[in-house]
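Next up, structure_11.txt (compact mmCIF, C-alpha atoms):
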# COMPACT_ATOMS: atom_id res chain seq x y z
CA MET A 1 127.98 104.21 73.51
CA THR A 2 124.62 102.49 73.91
CA GLU A 3 122.84 102.23 77.25
CA GLU A 4 123.30 98.46 77.11
CA ALA A 5 127.06 98.83 76.68
CA LYS A 6 127.26 101.30 79.57
CA THR A 7 125.56 98.93 81.99
CA SER A 8 127.74 95.96 81.06
CA GLU A 9 131.00 97.76 81.85
CA PRO A 10 132.76 96.89 85.11
CA GLN A 11 131.50 99.05 87.95
CA THR A 12 133.76 100.78 90.42
CA GLY A 13 132.55 101.47 93.90
CA PRO A 14 131.89 99.48 97.05
CA ALA A 15 133.35 96.01 97.35
CA VAL A 16 131.17 92.95 96.96
CA SER A 17 129.33 92.11 100.17
CA VAL A 18 129.32 88.49 101.33
CA VAL A 19 127.21 87.54 104.36
CA GLY A 20 127.79 84.00 105.57
CA PRO A 21 125.30 81.70 107.32
CA GLY A 22 126.20 82.95 110.81
CA ASP A 23 126.76 86.56 109.83
CA GLY A 24 124.53 89.61 109.67
CA GLU A 25 122.91 91.83 112.24
CA THR A 26 120.34 90.07 114.45
CA ILE A 27 117.21 91.91 115.53
CA VAL A 28 114.87 90.20 117.99
CA LEU A 29 111.31 91.45 118.25
CA GLY A 30 109.36 89.25 120.64
CA THR A 31 109.09 85.78 119.10
CA THR A 32 110.42 86.96 115.73
CA ARG A 33 114.14 86.83 114.95
CA MET A 34 115.37 88.86 111.99
CA ARG A 35 118.82 88.61 110.44
CA VAL A 36 119.67 91.66 108.36
CA LEU A 37 121.66 90.42 105.38
CA GLU A 38 121.90 93.78 103.60
CA ASP A 39 120.93 97.04 105.29
CA GLY A 40 121.37 99.14 102.16
CA SER A 41 124.92 100.21 102.89
CA HIS A 42 126.26 98.12 99.97
CA THR A 43 123.47 98.96 97.51
CA GLY A 44 123.43 102.72 97.59
CA HIS A 45 120.34 102.33 99.83
CA ARG A 46 118.32 100.96 96.89
CA LEU A 47 117.73 97.55 98.49
CA ALA A 48 117.76 95.88 101.90
CA ILE A 49 117.31 92.15 102.57
CA ALA A 50 116.46 90.33 105.79
CA GLU A 51 115.72 86.77 106.81
CA SER A 52 113.01 86.42 109.45
CA VAL A 53 112.07 83.42 111.55
CA LEU A 54 108.50 83.58 112.84
CA ALA A 55 107.86 81.30 115.81
CA PRO A 56 104.70 79.17 115.78
CA HIS A 57 101.51 81.16 116.41
CA THR A 58 103.24 84.52 115.93
CA GLN A 59 101.03 87.53 115.33
CA GLY A 60 102.49 90.05 112.93
CA PRO A 61 102.46 93.82 112.96
CA PRO A 62 99.24 95.80 112.69
CA GLN A 63 98.02 96.07 109.11
CA HIS A 64 99.88 99.01 107.57
CA ARG A 65 100.83 100.83 104.35
CA HIS A 66 104.25 101.96 103.17
CA ALA A 67 104.29 105.23 101.25
CA ARG A 68 107.78 105.01 99.77
CA HIS A 69 108.97 101.44 99.47
CA ASP A 70 108.08 98.07 98.04
CA GLU A 71 108.28 95.08 100.33
CA GLY A 72 108.81 91.54 99.13
CA PHE A 73 108.51 88.27 101.03
CA TYR A 74 109.83 84.92 99.78
CA ILE A 75 108.78 82.03 101.99
CA LEU A 76 111.70 79.65 102.60
CA SER A 77 109.93 77.23 104.96
CA GLY A 78 106.64 76.89 106.77
CA THR A 79 103.53 78.89 105.96
CA VAL A 80 102.95 82.61 106.46
CA ARG A 81 99.47 84.13 106.34
CA PHE A 82 99.38 87.49 104.59
CA THR A 83 96.37 89.71 105.10
CA VAL A 84 95.97 92.28 102.35
CA GLY A 85 93.01 94.50 103.03
CA ASP A 86 90.29 92.01 103.95
CA GLN A 87 91.76 89.03 102.09
CA ASP A 88 93.95 86.31 103.59
CA HIS A 89 96.58 84.48 101.56
CA ASP A 90 98.40 81.48 103.03
CA ALA A 91 101.85 81.44 101.47
CA ALA A 92 103.76 78.15 101.66
CA ALA A 93 107.46 77.60 101.01
CA GLY A 94 108.41 78.71 97.51
CA THR A 95 105.83 81.53 97.40
CA LEU A 96 106.75 85.15 96.66
CA VAL A 97 104.52 87.97 97.90
CA MET A 98 105.25 91.49 96.60
CA VAL A 99 103.58 94.45 98.30
CA PRO A 100 103.74 97.78 96.42
CA PRO A 101 103.57 101.16 98.17
CA GLY A 102 100.12 102.09 99.44
CA THR A 103 98.86 98.51 99.80
CA PRO A 104 97.55 97.60 103.28
CA HIS A 105 99.12 94.40 104.57
CA THR A 106 100.28 92.35 107.51
CA PHE A 107 101.52 88.82 108.08
CA ALA A 108 101.47 86.15 110.78
CA ASN A 109 102.40 82.54 111.39
CA PRO A 110 99.16 80.85 112.46
CA THR A 111 100.66 77.34 112.33
CA GLY A 112 102.35 75.18 114.95
CA GLU A 113 105.65 75.17 113.01
CA PRO A 114 108.25 77.94 112.60
CA ALA A 115 108.18 79.86 109.32
CA VAL A 116 111.19 81.43 107.62
CA MET A 117 110.97 84.18 105.02
CA LEU A 118 113.36 86.36 103.10
CA SER A 119 112.22 89.98 102.92
CA THR A 120 113.29 92.76 100.57
CA PHE A 121 112.81 96.48 101.11
CA THR A 122 113.21 98.71 98.06
CA PRO A 123 114.62 101.19 98.96
CA ASP A 124 116.16 100.22 102.30
CA LEU A 125 114.12 102.69 104.35
CA TYR A 126 112.41 100.19 106.65
CA VAL A 127 115.42 98.41 108.19
CA GLN A 128 115.90 101.28 110.64
CA TYR A 129 112.28 100.83 111.80
CA PHE A 130 113.11 97.32 113.06
CA ARG A 131 116.24 98.62 114.78
CA GLU A 132 114.17 101.27 116.50
CA LEU A 133 111.62 98.74 117.76
CA GLN A 134 114.43 96.60 119.15
CA GLU A 135 115.79 99.67 121.01
CA VAL A 136 112.37 100.21 122.62
CA LEU A 137 112.40 96.62 123.89
CA ALA A 138 116.07 96.84 124.98
CA ASP A 139 115.21 99.90 127.10
CA ASP A 140 112.51 97.83 128.85
CA ARG A 141 109.82 100.05 127.41
CA PRO A 142 106.62 98.35 126.27
CA LEU A 143 106.08 97.95 122.56
CA THR A 144 102.64 99.52 122.68
CA PRO A 145 100.48 100.14 119.61
CA GLN A 146 101.28 103.86 120.00
CA ALA A 147 105.04 103.23 120.14
CA THR A 148 104.76 101.08 117.00
CA THR A 149 102.67 103.72 115.19
CA ASP A 150 105.09 106.47 116.18
CA ALA A 151 108.04 104.46 114.85
CA MET A 152 106.17 103.63 111.61
CA SER A 153 105.52 107.32 110.98
CA ARG A 154 109.26 108.02 110.92
CA TYR A 155 109.68 105.56 108.02
CA ALA A 156 106.92 106.65 105.62
CA THR A 157 104.50 104.04 106.99
CA GLU A 158 101.11 104.31 108.63
CA PRO A 159 98.65 101.86 110.17
CA ALA A 160 95.76 100.91 107.91
CA THR A 161 93.25 102.10 110.50
CA ASP A 162 90.42 102.12 107.98
CA LEU A 163 90.57 98.30 108.00
CA THR A 164 90.52 97.65 111.75

Can you present the structure in this file as structure tokens?
Amino acid sequence: MTEEAKTSEPQTGPAVSVVGPGDGETIVLGTTRMRVLEDGSHTGHRLAIAESVLAPHTQGPPQHRHARHDEGFYILSGTVRFTVGDQDHDAAAGTLVMVPPGTPHTFANPTGEPAVMLSTFTPDLYVQYFRELQEVLADDRPLTPQATTDAMSRYATEPATDLT
């Protein structure tokens, strides 16, 4: 049997996952609200997907690098500023930004309007990072730069300190 024929055969395994408009896990990190649409549990941990709403004038995370996963951002509405190294890119609705492992990056919403983006994590490694940050806030602990860096380190990510 050819490889093509093997991949077109019906697959057995987990059921299809359907996440409706009001469904999904909500993670709130300051002025950013994230809705986890797929945490990797239905994809064999190959892919996670989240929708994030960035409030106006929201600063993003410190510039950082992922060692083991790609991160994608599709802008659904508004404008998100991506900083990659020392270059800024303003991404309007309809723009896709793909960040491969090892690339320093961050994002923010510098505008007066909310911005909504769909993010992918391949593999799903980074979803747990956001859950961990939410736990810090839920325990009334401050989300200090050190707490953020410590959490990043548990998910194959490090601050891009050479750019600060």

May I ask for the distance between CA of Pro123 in chain A and CA of Ala91 in chain A, given in Å to one decimal place?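 These atoms are spaced 23.7 Å apart.
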
Hey, can you check how far CA of Leu137 in chain A sits from CA of Thr157 in chain A?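 Going from CA of Leu137 in chain A over to CA of Thr157 in chain A, I get 20.1 Å.
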
Who sits within 6 Å of range 81-90 of chain A, all atoms listed in the file, same chain under 5 positions skipped, as a PyMOL selection string: chain A and resi 104-108

Find the distance between CA of Ala55 in chain A and CA of Thr111 in chain A and write it in Å to one decimal.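 A separation of 8.9 Å between them.
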
Between A:Ala48, A:Ala147, A:Leu133, A:Leu118, which has the minimum distance to Ile75 in chain A (counting all atoms listed in the file)? A:Leu118

Nearby residues (only C-alpha atoms) at most 12 Å from Leu125 in chain A, same-chain spacing under 5 positions excluded, as JSON, numbers by chain: {"A": [38, 39, 40, 41, 44, 45, 46, 47, 48, 49, 66, 67, 68, 69, 70, 71, 120, 130, 131, 152, 153, 154, 155, 156, 157]}

Extract, using all atoms listed in the file, all DNA, RNA and protein residues at most 6 Å from Gly24 in chain A, discarding same-chain residues fewer than 3 positions from it, and format them as a list in words.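 Result of the neighbour search: Arg35, Val36 and Leu37 of chain A.
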
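Distances to Thr32 in chain A were evaluated for A:Thr103, A:Thr144, A:Ser77, A:Gln134 using all atoms listed in the file, and the minimum falls at A:Gln134.
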
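The smallest atom-to-atom distance between Thr149 in chain A and any of A:Gln63, A:Val80, A:Thr26, A:Thr31, using all atoms listed in the file, is found for A:Gln63.
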
Grab all the atoms of range 24-43 of chain A that the file lists, wrap them in a box along x, y and z, add 6 Å per side, and give me centre plus edge lengths in Å (one decimal) as lines of an AutoDock Vina configuration file.
center_x = 117.7
center_y = 93.0
center_z = 109.1
size_x = 29.2
size_y = 26.4
size_z = 35.1

Counting all atoms listed in the file, closest pick from A:Val19, A:Leu96, A:Val53, A:Leu29 relative to Glu132 in chain A is A:Leu29

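Proximity to Asp124 in chain A was assessed for A:Met34, A:Ala50, A:Val16, A:Ala160 counting all atoms listed in the file; the smallest distance is recorded for A:Ala50.
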
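Closest to Gln128 in chain A among A:Pro145, A:Ser17, A:Asp162, A:Ala151 is A:Ala151, based on all atoms listed in the file.
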
Because some atoms of range 126-149 of chain A are absent here, can you restore N, CA and C atoms and send them as a short mmCIF file (atom, residue, chain, number, x, y, z; two decimals), in the frame of the given file?
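So the final result, stored in part_8.cif, reads:
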data_model
loop_
_atom_site.label_atom_id
_atom_site.label_comp_id
_atom_site.auth_asym_id
_atom_site.auth_seq_id
_atom_site.Cartn_x
_atom_site.Cartn_y
_atom_site.Cartn_z
N TYR A 126 113.09 100.80 105.52
CA TYR A 126 112.41 100.19 106.65
C TYR A 126 113.30 99.42 107.62
N VAL A 127 114.54 99.15 107.28
CA VAL A 127 115.42 98.41 108.19
C VAL A 127 115.59 99.18 109.51
N GLN A 128 115.72 100.48 109.43
CA GLN A 128 115.90 101.28 110.64
C GLN A 128 114.68 101.20 111.55
N TYR A 129 113.50 101.01 111.00
CA TYR A 129 112.28 100.83 111.80
C TYR A 129 112.44 99.63 112.74
N PHE A 130 112.93 98.52 112.23
CA PHE A 130 113.11 97.32 113.06
C PHE A 130 114.16 97.56 114.13
N ARG A 131 115.22 98.28 113.79
CA ARG A 131 116.24 98.62 114.78
C ARG A 131 115.64 99.46 115.90
N GLU A 132 114.80 100.40 115.51
CA GLU A 132 114.17 101.27 116.50
C GLU A 132 113.26 100.48 117.45
N LEU A 133 112.48 99.55 116.91
CA LEU A 133 111.62 98.74 117.76
C LEU A 133 112.45 97.90 118.74
N GLN A 134 113.56 97.38 118.27
CA GLN A 134 114.43 96.60 119.15
C GLN A 134 114.98 97.48 120.28
N GLU A 135 115.30 98.75 119.98
CA GLU A 135 115.79 99.67 121.01
C GLU A 135 114.73 99.91 122.07
N VAL A 136 113.47 100.03 121.66
CA VAL A 136 112.37 100.21 122.62
C VAL A 136 112.36 99.03 123.59
N LEU A 137 112.43 97.82 123.06
CA LEU A 137 112.40 96.62 123.89
C LEU A 137 113.65 96.53 124.77
N ALA A 138 114.81 96.90 124.23
CA ALA A 138 116.07 96.84 124.98
C ALA A 138 116.06 97.82 126.16
N ASP A 139 115.32 98.91 126.02
CA ASP A 139 115.21 99.90 127.10
C ASP A 139 114.11 99.54 128.10
N ASP A 140 113.58 98.31 127.99
CA ASP A 140 112.51 97.83 128.85
C ASP A 140 111.25 98.68 128.77
N ARG A 141 111.07 99.33 127.64
CA ARG A 141 109.82 100.05 127.41
C ARG A 141 108.86 99.11 126.70
N PRO A 142 107.58 99.24 126.95
CA PRO A 142 106.62 98.35 126.27
C PRO A 142 106.47 98.73 124.81
N LEU A 143 106.31 97.72 123.98
CA LEU A 143 106.08 97.95 122.56
C LEU A 143 104.57 98.09 122.35
N THR A 144 104.08 99.25 122.74
CA THR A 144 102.64 99.52 122.68
C THR A 144 102.23 99.83 121.24
N PRO A 145 100.93 99.73 120.95
CA PRO A 145 100.48 100.14 119.61
C PRO A 145 100.90 101.57 119.27
N GLN A 146 100.88 102.48 120.25
CA GLN A 146 101.28 103.86 120.00
C GLN A 146 102.76 103.96 119.68
N ALA A 147 103.60 103.22 120.40
CA ALA A 147 105.04 103.23 120.14
C ALA A 147 105.32 102.70 118.73
N THR A 148 104.60 101.65 118.35
CA THR A 148 104.76 101.08 117.00
C THR A 148 104.32 102.08 115.94
N THR A 149 103.18 102.72 116.15
CA THR A 149 102.67 103.72 115.19
C THR A 149 103.62 104.90 115.07
#
